[in-house]
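Text of coords-v4.cif (mmCIF, C-alpha atoms) as supplied:
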```cif
data_coords
loop_
_atom_site.label_atom_id
_atom_site.label_comp_id
_atom_site.auth_asym_id
_atom_site.auth_seq_id
_atom_site.Cartn_x
_atom_site.Cartn_y
_atom_site.Cartn_z
CA GLY A 1 -16.43 -10.62 -2.75
CA HIS A 2 -15.96 -11.52 0.94
CA HIS A 3 -15.54 -7.86 1.97
CA VAL A 4 -18.87 -6.84 3.52
CA ARG A 5 -18.50 -3.12 2.79
CA LEU A 6 -17.75 -3.88 -0.86
CA GLN A 7 -20.84 -6.07 -1.05
CA GLU A 8 -22.91 -3.24 0.41
CA SER A 9 -21.47 -0.66 -1.99
CA VAL A 10 -22.04 -2.78 -5.10
CA LYS A 11 -25.53 -3.74 -3.93
CA SER A 12 -26.38 -0.07 -3.41
CA PHE A 13 -25.28 0.61 -7.00
CA THR A 14 -27.16 -2.29 -8.60
CA ASP A 15 -30.27 -1.62 -6.49
CA GLY A 16 -30.18 1.95 -7.79
CA LEU A 17 -30.09 0.69 -11.36
CA LEU A 18 -32.96 -1.72 -10.71
CA ASN A 19 -35.11 0.96 -9.06
CA CYS A 20 -34.40 3.68 -11.62
CA LYS A 21 -37.42 5.50 -13.07
CA PRO A 22 -38.02 5.26 -15.95
CA VAL A 23 -36.88 1.67 -16.03
CA LEU A 24 -33.49 1.19 -17.69
CA PRO A 25 -33.92 -0.90 -20.88
CA GLY A 26 -32.74 -4.45 -20.37
CA VAL A 27 -31.83 -4.06 -16.69
CA ASP A 28 -33.50 -6.50 -14.31
CA ARG A 29 -32.52 -8.58 -11.31
CA GLY A 30 -31.83 -11.62 -13.49
CA ILE A 31 -28.58 -10.10 -14.85
CA VAL A 32 -27.18 -8.84 -11.54
CA ILE A 33 -24.19 -10.73 -10.15
CA ALA A 34 -24.59 -11.30 -6.42
CA PRO A 35 -21.91 -9.17 -4.69
CA ARG A 36 -20.71 -12.18 -2.67
CA ARG A 37 -19.69 -13.81 -5.97
CA LEU A 38 -17.46 -10.96 -7.16
CA HIS A 39 -14.12 -12.35 -8.29
CA LEU A 40 -11.20 -11.73 -10.58
CA THR A 41 -10.53 -14.76 -12.81
CA LEU A 42 -7.04 -15.57 -14.05
CA GLY A 43 -7.75 -18.71 -16.04
CA VAL A 44 -10.20 -21.49 -16.81
CA MET A 45 -9.29 -25.16 -16.33
CA ALA A 46 -11.02 -28.44 -17.19
CA LEU A 47 -9.71 -30.90 -14.58
CA GLU A 48 -10.03 -34.64 -14.06
CA ASP A 49 -11.26 -36.04 -10.76
CA SER A 50 -8.55 -38.55 -9.84
CA LEU A 51 -4.77 -38.87 -9.87
CA GLY A 52 -5.04 -41.89 -12.15
CA SER A 53 -6.63 -39.83 -14.90
CA PRO A 54 -4.57 -39.13 -18.02
CA GLY A 55 -5.42 -35.43 -17.98
CA LYS A 56 -4.71 -32.64 -15.51
CA THR A 57 -6.16 -33.18 -12.04
CA LEU A 58 -7.24 -30.91 -9.23
CA ALA A 59 -4.41 -32.26 -7.10
CA ASN A 60 -1.91 -31.30 -9.85
CA ALA A 61 -3.36 -27.79 -10.00
CA GLN A 62 -3.28 -27.42 -6.22
CA ALA A 63 0.36 -28.50 -6.14
CA LEU A 64 1.33 -26.02 -8.85
CA LEU A 65 -0.47 -23.17 -7.12
CA SER A 66 1.29 -23.93 -3.83
CA SER A 67 4.66 -24.04 -5.59
CA LEU A 68 4.17 -20.50 -6.93
CA ARG A 69 3.83 -18.89 -3.50
CA PRO A 70 7.54 -18.09 -2.89
CA ARG A 71 7.82 -16.25 -6.22
CA VAL A 72 4.49 -14.46 -5.68
CA MET A 73 5.67 -13.22 -2.29
CA GLU A 74 8.97 -12.14 -3.86
CA LEU A 75 7.07 -10.15 -6.49
CA LEU A 76 5.01 -8.46 -3.78
CA ASP A 77 8.24 -7.49 -1.99
CA GLY A 78 6.58 -7.01 1.39
CA HIS A 79 3.49 -5.25 0.03
CA GLY A 80 -0.04 -6.59 0.30
CA LEU A 81 -1.98 -7.38 -2.85
CA ARG A 82 -4.77 -4.84 -3.24
CA ILE A 83 -7.43 -4.20 -5.88
CA PRO A 84 -8.50 -0.58 -6.50
CA LEU A 85 -11.94 -0.65 -8.14
CA THR A 86 -11.75 2.71 -9.87
CA GLU A 87 -12.97 2.12 -13.44
CA MET A 88 -16.24 0.93 -14.96
CA ASN A 89 -17.17 -0.02 -18.51
CA ILE A 90 -18.91 -2.59 -20.70
CA THR A 91 -17.38 -5.32 -22.82
CA LYS A 92 -17.72 -4.95 -26.61
CA PRO A 93 -21.47 -4.55 -27.30
CA ASP A 94 -23.39 -6.09 -30.19
CA ARG A 95 -22.69 -4.24 -33.47
CA GLY A 96 -20.64 -1.69 -31.54
CA ASP A 97 -23.82 -0.13 -30.15
CA ALA A 98 -23.84 0.74 -26.43
CA ASP A 99 -27.61 0.16 -26.41
CA ASN A 100 -26.77 -3.53 -26.96
CA ALA A 101 -24.49 -4.22 -24.01
CA HIS A 102 -24.15 -7.56 -22.26
CA ILE A 103 -21.52 -7.16 -19.50
CA LEU A 104 -20.89 -4.29 -17.09
CA TRP A 105 -17.70 -4.47 -15.04
CA VAL A 106 -15.64 -2.59 -12.50
CA GLY A 107 -11.89 -2.89 -12.20
CA PRO A 108 -8.59 -1.16 -11.49
CA SER A 109 -7.01 1.62 -13.46
CA LEU A 110 -3.43 0.51 -14.05
CA ASP A 111 -1.93 3.88 -13.12
CA THR A 112 -1.40 3.03 -9.44
CA GLU A 113 1.26 0.91 -7.69
CA ASP A 114 -1.44 -1.37 -6.26
CA ALA A 115 -2.81 -2.04 -9.75
CA GLN A 116 0.65 -2.64 -11.21
CA ARG A 117 1.45 -5.21 -8.52
CA LEU A 118 -1.90 -6.86 -9.20
CA LYS A 119 -1.11 -7.02 -12.92
CA ILE A 120 2.37 -8.47 -12.38
CA VAL A 121 1.19 -11.19 -9.97
CA SER A 122 -1.85 -12.04 -12.10
CA GLU A 123 0.23 -12.39 -15.26
CA PHE A 124 2.82 -14.52 -13.47
CA VAL A 125 0.25 -16.96 -12.08
CA SER A 126 -1.74 -17.13 -15.31
CA LYS A 127 1.42 -17.78 -17.37
CA ALA A 128 2.58 -20.52 -15.00
CA PHE A 129 -0.72 -22.37 -15.42
CA ARG A 130 -0.70 -21.87 -19.20
CA ASP A 131 2.88 -23.10 -19.49
CA ALA A 132 1.97 -26.19 -17.45
CA GLY A 133 -0.95 -26.94 -19.80
CA PHE A 134 -3.76 -26.26 -17.35
CA ILE A 135 -5.09 -23.23 -19.22
CA GLN A 136 -5.46 -23.79 -22.93
CA GLU A 137 -6.67 -20.33 -23.92
CA ARG A 138 -3.75 -18.16 -24.97
CA ARG A 139 -5.43 -14.76 -24.81
CA PRO A 140 -3.60 -12.63 -22.24
CA LEU A 141 -5.29 -12.81 -18.86
CA LYS A 142 -8.76 -13.69 -20.03
CA VAL A 143 -9.94 -15.74 -17.96
CA CYS A 144 -14.21 -23.74 -17.00
CA ALA A 145 -15.66 -26.33 -17.67
CA SER A 146 -14.70 -27.25 -14.10
CA CYS A 147 -12.55 -24.82 -12.16
CA PHE A 148 -11.03 -21.38 -12.36
CA LEU A 149 -8.14 -19.58 -10.71
CA ASP A 150 -9.51 -16.85 -8.52
CA LEU A 151 -7.90 -13.94 -6.69
CA THR A 152 -10.85 -14.22 -4.32
CA TRP A 153 -11.99 -11.54 -6.28
CA GLN A 154 -11.72 -11.40 -15.16
CA SER A 155 -10.06 -9.66 -18.20
CA THR A 156 -11.41 -7.80 -21.13
CA ARG A 157 -9.16 -5.92 -23.57
CA ASN A 158 -6.48 -7.15 -21.13
CA GLN A 159 -8.33 -5.21 -18.43
CA LEU A 160 -8.63 -7.01 -15.11
CA HIS A 161 -12.20 -6.72 -13.93
CA CYS A 162 -15.07 -7.91 -11.76
CA THR A 163 -18.36 -8.46 -13.61
CA ILE A 164 -21.42 -6.93 -11.94
CA LEU A 165 -24.04 -7.30 -14.73
CA ASN A 166 -24.10 -10.20 -17.19
CA THR A 167 -26.98 -10.94 -19.58
CA SER A 168 -25.85 -14.55 -20.01
CA HIS A 169 -27.63 -15.12 -16.69
CA ARG A 170 -30.95 -13.93 -18.14
CA LYS A 171 -33.44 -16.67 -18.91
CA PRO A 172 -34.59 -17.55 -21.49
CA HIS A 173 -33.08 -14.87 -23.75
CA ARG A 174 -29.72 -13.11 -23.62
CA ARG A 175 -31.36 -9.73 -24.23
CA PRO A 176 -28.94 -6.78 -24.01
CA PHE A 177 -29.18 -3.72 -21.77
CA SER A 178 -28.68 -0.07 -22.69
CA TYR A 179 -25.42 1.35 -21.36
CA ASN A 180 -26.34 4.72 -22.90
CA ALA A 181 -29.51 4.86 -20.80
CA MET A 182 -27.55 3.82 -17.74
CA LEU A 183 -25.01 6.62 -18.18
CA ALA A 184 -27.86 9.12 -18.62
CA SER A 185 -29.66 8.02 -15.46
CA PRO A 186 -29.57 10.06 -12.23
CA VAL A 187 -28.36 7.14 -10.14
CA ILE A 188 -25.14 6.78 -12.11
CA ARG A 189 -24.00 10.25 -11.12
CA GLU A 190 -23.76 9.19 -7.49
CA PHE A 191 -21.00 6.73 -8.40
CA VAL A 192 -19.31 8.04 -11.57
CA HIS A 193 -16.63 10.75 -11.34
CA THR A 194 -16.22 11.26 -15.10
CA PRO A 195 -18.04 14.09 -16.96
CA LEU A 196 -20.55 12.15 -19.04
CA GLU A 197 -21.44 14.82 -21.60
CA ALA A 198 -20.31 13.48 -25.00
CA HIS A 199 -18.55 10.57 -23.26
CA ASP A 200 -17.21 7.85 -25.59
CA PHE A 201 -18.51 4.55 -24.18
CA ARG A 202 -15.35 2.78 -25.37
CA ASP A 203 -13.46 4.56 -22.61
CA PRO A 204 -13.96 3.51 -18.96
CA VAL A 205 -15.57 5.96 -16.57
CA LYS A 206 -14.00 6.73 -13.23
CA VAL A 207 -15.75 5.31 -10.18
CA GLU A 208 -14.83 4.74 -6.57
CA PHE A 209 -15.77 1.38 -5.14
CA GLY A 210 -12.80 1.31 -2.81
CA THR A 211 -9.47 -0.54 -2.64
CA TRP A 212 -9.61 -4.07 -1.29
CA SER A 213 -7.03 -6.49 0.04
CA VAL A 214 -6.58 -9.93 -1.50
CA ASP A 215 -5.97 -12.62 1.12
CA GLU A 216 -5.37 -15.58 -1.14
CA ILE A 217 -5.40 -16.99 -4.66
CA GLN A 218 -7.99 -19.74 -4.95
CA ILE A 219 -8.95 -22.55 -7.26
CA CYS A 220 -12.76 -22.44 -7.33
CA LYS A 221 -15.37 -24.68 -8.87
CA MET A 222 -17.38 -23.05 -11.62
CA GLY A 223 -21.11 -22.85 -10.92
CA SER A 224 -20.69 -23.81 -7.27
CA TYR A 225 -22.42 -22.18 -4.32
CA GLY A 226 -21.17 -22.08 -0.75
CA PRO A 227 -23.21 -21.28 2.39
CA GLU A 228 -23.20 -17.53 1.60
CA GLY A 229 -23.64 -17.95 -2.17
CA GLU A 230 -19.90 -17.68 -2.80
CA TYR A 231 -17.91 -19.90 -5.15
CA VAL A 232 -16.59 -23.02 -3.42
CA SER A 233 -12.81 -23.05 -3.03
CA CYS A 234 -11.01 -26.28 -3.96
CA GLY A 235 -7.57 -25.08 -2.92
CA SER A 236 -5.77 -21.85 -2.17
CA CYS A 237 -2.46 -20.06 -1.80
CA SER A 238 -2.26 -17.68 1.15
CA LEU A 239 -0.79 -14.24 0.53
CA ALA A 240 -0.25 -13.55 4.22
CA SER A 241 3.35 -12.56 4.91
#
```
Please lay out the structure from this file as structure tokens.
Amino acid sequence: GHHVRLQESVKSFTDGLLNCKPVLPGVDRGIVIAPRRLHLTLGVMALEDSLGSPGKTLANAQALLSSLRPRVMELLDGHGLRIPLTEMNITKPDRGDADNAHILWVGPSLDTEDAQRLKIVSEFVSKAFRDAGFIQERRPLKVCASCFLDLTWQSTRNQLHCTILNTSHRKPHRRPFSYNAMLASPVIREFVHTPLEAHDFRDPVKVEFGTWSVDEIQICKMGSYGPEGEYVSCGSCSLAS
């Protein structure tokens, strides 16, 4: 989320949804993820504070992440790590009804070389942390009580993604929004490149939010806020060649 042009593009999209007339059911500013906090999460970790703790510590996690860099660079084989944000969809809605959606995301279609490299590196890093006992959840690439692995950029149906609307942020009720109404709105047609007549919401729609370079893999503290509203990094692995 540190790319300014990406922040501007996503903000333009979410502002359009917020300003849509008639108002889109369930869409309000309380569920919008600030563009500066966009990220792609590889795993969730609950870490202890000190080296003397019996559990896994932040220092342990930092050391493991650093140790993975040579293999990550080998997997990249001289290429940069880039994220093409070319698909948009919702996670599974309540009762299978798109009028009861809770998360809207954008992410890569896996039919490009950039997306395949992203998938390979993400799976490698996630598996290394699972094998070492840092990540207890065994679901492929989902993504803490404390910290998460971040490509300075999550996974649903094994789909890497960045969340842009999330009703879990709505207070006091986690009221859903209508994805059907969103797809029928005029603003959506400025961003979506998929014919929407008779579109099955279970399939992603094609969008174009650009392709963005990933500078580093970070360990970030959940719920933290930096000076610009970003997640606070507790350690990182540079992907600079």
| field | CA of Lys171 (chain A) to CA of Gly26 (chain A), distance in Å rounded to a single decimal | value |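 One can read the CA of Lys171 (chain A) to CA of Gly26 (chain A) distance as 12.3 Å.
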| For region 225-227 of chain A: contacts at 12 Å, all atoms listed in the file, fewer than 5 positions along chain excluded, given as a PyMOL selection string | chain A and resi 2+34+36-37+220+232-234
Counting only C-alpha atoms, which residues of region 157-205 of chain A sit at most 12 Å from some atom of region 72-94 of chain A, and what is each one's closest atom pair with its distance in Å to one decimal, listed by chain and rising residue number, as a tab-separated table?
```
residue	atom	partner	partner_atom	distance
A:Arg157	CA	A:Thr91	CA	8.3
A:Asn158	CA	A:Thr91	CA	11.2
A:Gln159	CA	A:Glu87	CA	10.0
A:Leu160	CA	A:Ile83	CA	9.7
A:His161	CA	A:Leu85	CA	8.4
A:Cys162	CA	A:Leu85	CA	8.7
A:Thr163	CA	A:Ile90	CA	9.2
A:Ile164	CA	A:Met88	CA	9.9
A:Leu165	CA	A:Ile90	CA	9.2
A:Asn166	CA	A:Ile90	CA	9.9
A:Thr167	CA	A:Pro93	CA	11.4
A:Arg174	CA	A:Asp94	CA	11.5
A:Arg175	CA	A:Asp94	CA	10.6
A:Pro176	CA	A:Asp94	CA	8.3
A:Phe177	CA	A:Pro93	CA	9.5
A:Ser178	CA	A:Pro93	CA	9.7
A:Tyr179	CA	A:Ile90	CA	7.6
A:Asn180	CA	A:Ile90	CA	10.7
A:Met182	CA	A:Asn89	CA	11.1
A:Leu183	CA	A:Asn89	CA	10.3
A:Ile188	CA	A:Met88	CA	11.0
A:Phe191	CA	A:Met88	CA	10.0
A:Val192	CA	A:Met88	CA	8.5
A:His193	CA	A:Thr86	CA	9.5
A:Thr194	CA	A:Glu87	CA	9.8
A:His199	CA	A:Asn89	CA	11.7
A:Asp200	CA	A:Asn89	CA	10.6
A:Phe201	CA	A:Asn89	CA	7.4
A:Arg202	CA	A:Asn89	CA	7.6
A:Asp203	CA	A:Asn89	CA	7.2
A:Pro204	CA	A:Asn89	CA	4.8
A:Val205	CA	A:Met88	CA	5.3
```
| request: Using all atoms listed in the file, pick whichever of A:Pro195, A:Gly96, A:Pro35, A:Pro70 has the shortest atom-to-atom distance to Phe13 (chain A). | output: A:Pro35
| message | Restricting the calculation to only C-alpha atoms: of A:Ile217, A:Arg71, A:Asp99, A:Ile31, which residue gets closest to His173 (chain A)? | response | A:Ile31
| said: Suppose a student applies the PyMOL selection byres ((chain A and resi 64) around 10) to this structure; what residues should they get, written as a ChimeraX atom specification? | reply: /A:58-63,65-69,125,128-129,132,134,237
Emit a file covering region 55-67 of chain A of the preceding structure with all heavy atoms, as a PDB file, in the first residue's frame.
```pdb
ATOM      1  N   GLY A  55       7.742 -20.023  24.008  1.00  0.00           N
ATOM      2  CA  GLY A  55       7.133 -20.081  22.687  1.00  0.00           C
ATOM      3  C   GLY A  55       8.000 -19.441  21.614  1.00  0.00           C
ATOM      4  O   GLY A  55       9.182 -19.151  21.808  1.00  0.00           O
ATOM      5  N   LYS A  56       7.418 -19.206  20.460  1.00  0.00           N
ATOM      6  CA  LYS A  56       8.117 -18.566  19.351  1.00  0.00           C
ATOM      7  C   LYS A  56       8.216 -17.063  19.604  1.00  0.00           C
ATOM      8  O   LYS A  56       7.267 -16.439  20.047  1.00  0.00           O
ATOM      9  CB  LYS A  56       7.365 -18.819  18.042  1.00  0.00           C
ATOM     10  CG  LYS A  56       7.233 -20.302  17.677  1.00  0.00           C
ATOM     11  CD  LYS A  56       8.563 -20.942  17.385  1.00  0.00           C
ATOM     12  CE  LYS A  56       8.401 -22.376  16.916  1.00  0.00           C
ATOM     13  NZ  LYS A  56       9.692 -23.026  16.641  1.00  0.00           N
ATOM     14  N   THR A  57       9.355 -16.485  19.304  1.00  0.00           N
ATOM     15  CA  THR A  57       9.565 -15.064  19.553  1.00  0.00           C
ATOM     16  C   THR A  57       9.689 -14.296  18.247  1.00  0.00           C
ATOM     17  O   THR A  57       9.927 -14.881  17.179  1.00  0.00           O
ATOM     18  CB  THR A  57      10.842 -14.832  20.377  1.00  0.00           C
ATOM     19  OG1 THR A  57      11.983 -15.204  19.579  1.00  0.00           O
ATOM     20  CG2 THR A  57      10.826 -15.640  21.662  1.00  0.00           C
ATOM     21  N   LEU A  58       9.571 -12.987  18.355  1.00  0.00           N
ATOM     22  CA  LEU A  58       9.758 -12.125  17.190  1.00  0.00           C
ATOM     23  C   LEU A  58      11.166 -12.280  16.630  1.00  0.00           C
ATOM     24  O   LEU A  58      11.363 -12.345  15.412  1.00  0.00           O
ATOM     25  CB  LEU A  58       9.484 -10.666  17.565  1.00  0.00           C
ATOM     26  CG  LEU A  58       9.713  -9.630  16.475  1.00  0.00           C
ATOM     27  CD1 LEU A  58       8.876  -9.929  15.232  1.00  0.00           C
ATOM     28  CD2 LEU A  58       9.422  -8.229  16.988  1.00  0.00           C
ATOM     29  N   ALA A  59      12.148 -12.362  17.528  1.00  0.00           N
ATOM     30  CA  ALA A  59      13.528 -12.533  17.069  1.00  0.00           C
ATOM     31  C   ALA A  59      13.692 -13.835  16.281  1.00  0.00           C
ATOM     32  O   ALA A  59      14.395 -13.879  15.261  1.00  0.00           O
ATOM     33  CB  ALA A  59      14.485 -12.509  18.261  1.00  0.00           C
ATOM     34  N   ASN A  60      13.045 -14.913  16.731  1.00  0.00           N
ATOM     35  CA  ASN A  60      13.081 -16.186  15.988  1.00  0.00           C
ATOM     36  C   ASN A  60      12.500 -16.007  14.588  1.00  0.00           C
ATOM     37  O   ASN A  60      13.056 -16.492  13.590  1.00  0.00           O
ATOM     38  CB  ASN A  60      12.259 -17.259  16.705  1.00  0.00           C
ATOM     39  CG  ASN A  60      12.766 -17.629  18.078  1.00  0.00           C
ATOM     40  OD1 ASN A  60      11.989 -18.011  18.940  1.00  0.00           O
ATOM     41  ND2 ASN A  60      14.062 -17.522  18.303  1.00  0.00           N
ATOM     42  N   ALA A  61      11.356 -15.320  14.528  1.00  0.00           N
ATOM     43  CA  ALA A  61      10.680 -15.120  13.242  1.00  0.00           C
ATOM     44  C   ALA A  61      11.520 -14.252  12.309  1.00  0.00           C
ATOM     45  O   ALA A  61      11.609 -14.519  11.103  1.00  0.00           O
ATOM     46  CB  ALA A  61       9.304 -14.490  13.467  1.00  0.00           C
ATOM     47  N   GLN A  62      12.138 -13.223  12.865  1.00  0.00           N
ATOM     48  CA  GLN A  62      12.998 -12.362  12.057  1.00  0.00           C
ATOM     49  C   GLN A  62      14.171 -13.152  11.488  1.00  0.00           C
ATOM     50  O   GLN A  62      14.538 -12.990  10.318  1.00  0.00           O
ATOM     51  CB  GLN A  62      13.511 -11.197  12.913  1.00  0.00           C
ATOM     52  CG  GLN A  62      12.439 -10.194  13.308  1.00  0.00           C
ATOM     53  CD  GLN A  62      12.916  -9.230  14.381  1.00  0.00           C
ATOM     54  OE1 GLN A  62      13.804  -9.543  15.174  1.00  0.00           O
ATOM     55  NE2 GLN A  62      12.318  -8.039  14.425  1.00  0.00           N
ATOM     56  N   ALA A  63      14.762 -14.006  12.319  1.00  0.00           N
ATOM     57  CA  ALA A  63      15.901 -14.804  11.869  1.00  0.00           C
ATOM     58  C   ALA A  63      15.494 -15.770  10.759  1.00  0.00           C
ATOM     59  O   ALA A  63      16.218 -15.941   9.767  1.00  0.00           O
ATOM     60  CB  ALA A  63      16.504 -15.569  13.052  1.00  0.00           C
ATOM     61  N   LEU A  64      14.334 -16.395  10.908  1.00  0.00           N
ATOM     62  CA  LEU A  64      13.872 -17.318   9.869  1.00  0.00           C
ATOM     63  C   LEU A  64      13.622 -16.579   8.561  1.00  0.00           C
ATOM     64  O   LEU A  64      14.036 -17.042   7.489  1.00  0.00           O
ATOM     65  CB  LEU A  64      12.595 -18.025  10.328  1.00  0.00           C
ATOM     66  CG  LEU A  64      11.940 -18.943   9.280  1.00  0.00           C
ATOM     67  CD1 LEU A  64      12.906 -20.021   8.802  1.00  0.00           C
ATOM     68  CD2 LEU A  64      10.660 -19.574   9.838  1.00  0.00           C
ATOM     69  N   LEU A  65      12.961 -15.427   8.641  1.00  0.00           N
ATOM     70  CA  LEU A  65      12.684 -14.665   7.431  1.00  0.00           C
ATOM     71  C   LEU A  65      13.971 -14.289   6.717  1.00  0.00           C
ATOM     72  O   LEU A  65      14.085 -14.429   5.487  1.00  0.00           O
ATOM     73  CB  LEU A  65      11.870 -13.418   7.771  1.00  0.00           C
ATOM     74  CG  LEU A  65      11.468 -12.521   6.597  1.00  0.00           C
ATOM     75  CD1 LEU A  65      10.639 -13.294   5.579  1.00  0.00           C
ATOM     76  CD2 LEU A  65      10.701 -11.301   7.083  1.00  0.00           C
ATOM     77  N   SER A  66      14.959 -13.829   7.463  1.00  0.00           N
ATOM     78  CA  SER A  66      16.250 -13.463   6.855  1.00  0.00           C
ATOM     79  C   SER A  66      16.907 -14.663   6.191  1.00  0.00           C
ATOM     80  O   SER A  66      17.522 -14.545   5.122  1.00  0.00           O
ATOM     81  CB  SER A  66      17.179 -12.881   7.918  1.00  0.00           C
ATOM     82  OG  SER A  66      16.679 -11.648   8.418  1.00  0.00           O
ATOM     83  N   SER A  67      16.781 -15.830   6.811  1.00  0.00           N
ATOM     84  CA  SER A  67      17.427 -17.027   6.271  1.00  0.00           C
ATOM     85  C   SER A  67      16.811 -17.490   4.956  1.00  0.00           C
ATOM     86  O   SER A  67      17.439 -18.232   4.189  1.00  0.00           O
ATOM     87  CB  SER A  67      17.356 -18.169   7.290  1.00  0.00           C
ATOM     88  OG  SER A  67      16.041 -18.724   7.369  1.00  0.00           O
TER      89      SER A  67
END
```
